[in-house]
>>> print(open('protein.cif').read())   # mmCIF, C-alpha atoms
data_coords
#
loop_
_atom_site.label_atom_id
_atom_site.label_comp_id
_atom_site.auth_asym_id
_atom_site.auth_seq_id
_atom_site.Cartn_x
_atom_site.Cartn_y
_atom_site.Cartn_z
CA MET D 206 0.00 0.00 0.00
CA THR D 207 1.32 3.41 -0.97
CA THR D 208 1.62 6.06 1.73
CA ARG D 209 2.77 9.69 1.60
CA TRP D 210 4.41 11.61 4.43
CA ARG D 211 5.51 15.21 4.93
CA ILE D 212 8.69 15.21 7.01
CA THR D 213 10.23 18.32 8.55
CA ILE D 214 13.85 17.99 9.69
CA TYR D 215 15.21 20.36 12.34
CA GLY D 216 18.78 21.13 13.35
CA LYS D 217 21.90 21.94 11.33
CA VAL D 218 20.50 20.59 8.08
CA GLN D 219 21.17 23.31 5.51
CA GLY D 220 24.55 23.74 3.85
CA VAL D 221 25.53 20.14 4.68
CA TYR D 222 24.27 18.35 1.51
CA TYR D 223 21.13 17.18 3.29
CA ARG D 224 18.86 17.61 0.26
CA LYS D 225 21.27 15.92 -2.15
CA SER D 226 21.89 13.04 0.25
CA THR D 227 18.16 12.62 0.88
CA ARG D 228 17.53 12.44 -2.86
CA GLU D 229 20.25 9.81 -3.29
CA LYS D 230 18.84 7.70 -0.43
CA ALA D 231 15.26 8.03 -1.71
CA LEU D 232 16.28 6.96 -5.22
CA GLU D 233 18.21 4.01 -3.77
CA LEU D 234 15.06 2.93 -1.87
CA GLY D 235 12.65 3.60 -4.73
CA VAL D 236 10.81 6.35 -2.85
CA ASP D 237 9.08 9.11 -4.84
CA GLY D 238 8.72 12.76 -3.82
CA TRP D 239 10.80 15.85 -3.24
CA VAL D 240 12.95 17.70 -0.70
CA ARG D 241 13.59 21.43 -0.17
CA ASN D 242 15.11 23.97 2.22
CA LEU D 243 12.73 26.15 4.22
CA ASP D 244 13.36 29.79 5.11
CA ASN D 245 13.45 28.91 8.83
CA GLY D 246 16.57 26.71 8.44
CA CYS D 247 14.72 23.38 8.33
CA VAL D 248 14.47 20.90 5.50
CA GLU D 249 11.07 19.63 4.34
CA ALA D 250 10.39 16.51 2.31
CA GLU D 251 7.31 14.85 0.91
CA VAL D 252 7.97 11.16 0.42
CA GLN D 253 5.78 8.46 -1.06
CA GLY D 254 6.12 4.70 -1.24
CA ASP D 255 5.43 1.57 0.74
CA SER D 256 5.65 1.71 4.54
CA GLU D 257 8.88 -0.29 4.80
CA MET D 258 10.74 2.02 2.40
CA LEU D 259 9.36 5.14 4.09
CA ASN D 260 10.35 3.89 7.54
CA THR D 261 13.88 3.16 6.28
CA LEU D 262 14.14 6.68 4.81
CA PHE D 263 12.68 8.22 7.98
CA ASP D 264 15.30 6.43 10.10
CA TRP D 265 18.01 7.71 7.74
CA CYS D 266 16.61 11.27 8.05
CA LYS D 267 17.16 11.12 11.83
CA ILE D 268 20.91 11.10 11.11
CA GLY D 269 21.29 12.51 7.59
CA PRO D 270 24.65 13.10 5.93
CA GLN D 271 27.85 13.17 7.96
CA ALA D 272 27.97 16.97 8.47
CA ALA D 273 24.31 17.25 9.56
CA GLU D 274 23.21 17.64 13.18
CA VAL D 275 19.55 16.61 13.30
CA SER D 276 17.78 17.69 16.49
CA HIS D 277 14.35 16.23 15.71
CA LEU D 278 11.83 15.38 13.00
CA GLU D 279 8.12 15.85 12.53
CA LYS D 280 6.10 13.47 10.35
CA GLU D 281 2.57 13.88 9.03
CA GLU D 282 0.65 11.47 6.80
CA ILE D 283 -0.82 13.29 3.81
CA SER D 284 -2.80 12.35 0.69
CA VAL D 285 -1.10 10.20 -1.93
CA ILE D 286 -0.65 11.93 -5.29
CA GLU D 287 0.42 10.82 -8.75
CA GLU D 288 4.19 11.28 -8.69
CA SER D 289 7.23 9.51 -10.06
CA GLY D 290 10.89 10.16 -9.23
CA PHE D 291 12.51 12.18 -6.47
CA TYR D 292 13.51 15.81 -6.87
CA ILE D 293 15.20 18.68 -5.09
CA ARG D 294 12.93 21.73 -5.07
CA TYR D 295 14.37 25.24 -4.98
#
>>> encode(input="protein.cif", output="structure tokens")
Amino acid sequence: MTTRWRITIYGKVQGVYYRKSTREKALELGVDGWVRNLDNGCVEAEVQGDSEMLNTLFDWCKIGPQAAEVSHLEKEEISVIEESGFYIRY
């Protein structure tokens, strides 16, 4: 069953390749969606796929790339949409 989540990542997550690394991990897992920086210093992602893949990506987001310092995450289930691929939004 396909599920879609909006994830907000807090901490030192901009300027540390968080978006690029998230895209690489999502593509590796076969997760669709996008990731972007927010004006408040957080990173936001909408991710879509099966629960196992999303949980794996969520666990990865808790740590992120080596230079990141994730303080916490928020996750919200949202409506599934027609989407294919994973993109960085600017």
>>> residues_around(input="protein.cif", residues="segment 270-282 of chain D", least_positions_apart="4", cutoff="12 Å", atoms="only C-alpha atoms", output="ChimeraX atom specification")
/D:207-230,246-254,256,259-260,262-266
>>> resolve_selection(input="protein.cif", expression="the PyMOL selection byres ((chain D and resi 288) around 9)", output="VMD selection string")
chain D and resid 237 to 238 253 285 to 287 289 to 291
>>> atom_distance(input="protein.cif", atom1="atom CA of Leu232 of chain D", atom2="atom CA of Asn245 of chain D")
26.2 Å
>>> atom_distance(input="protein.cif", atom1="atom CA of Val236 of chain D", atom2="atom CA of Asp255 of chain D")
8.0 Å
>>> atom_distance(input="protein.cif", atom1="atom CA of Ser284 of chain D", atom2="atom CA of Lys267 of chain D")
22.9 Å
>>> axis_aligned_box(input="protein.cif", around="segment 223-239 of chain D", padding_each_side="5 Å", output="lines of an AutoDock Vina configuration file")
center_x = 15.3
center_y = 10.3
center_z = -1.0
size_x = 23.2
size_y = 24.7
size_z = 18.5
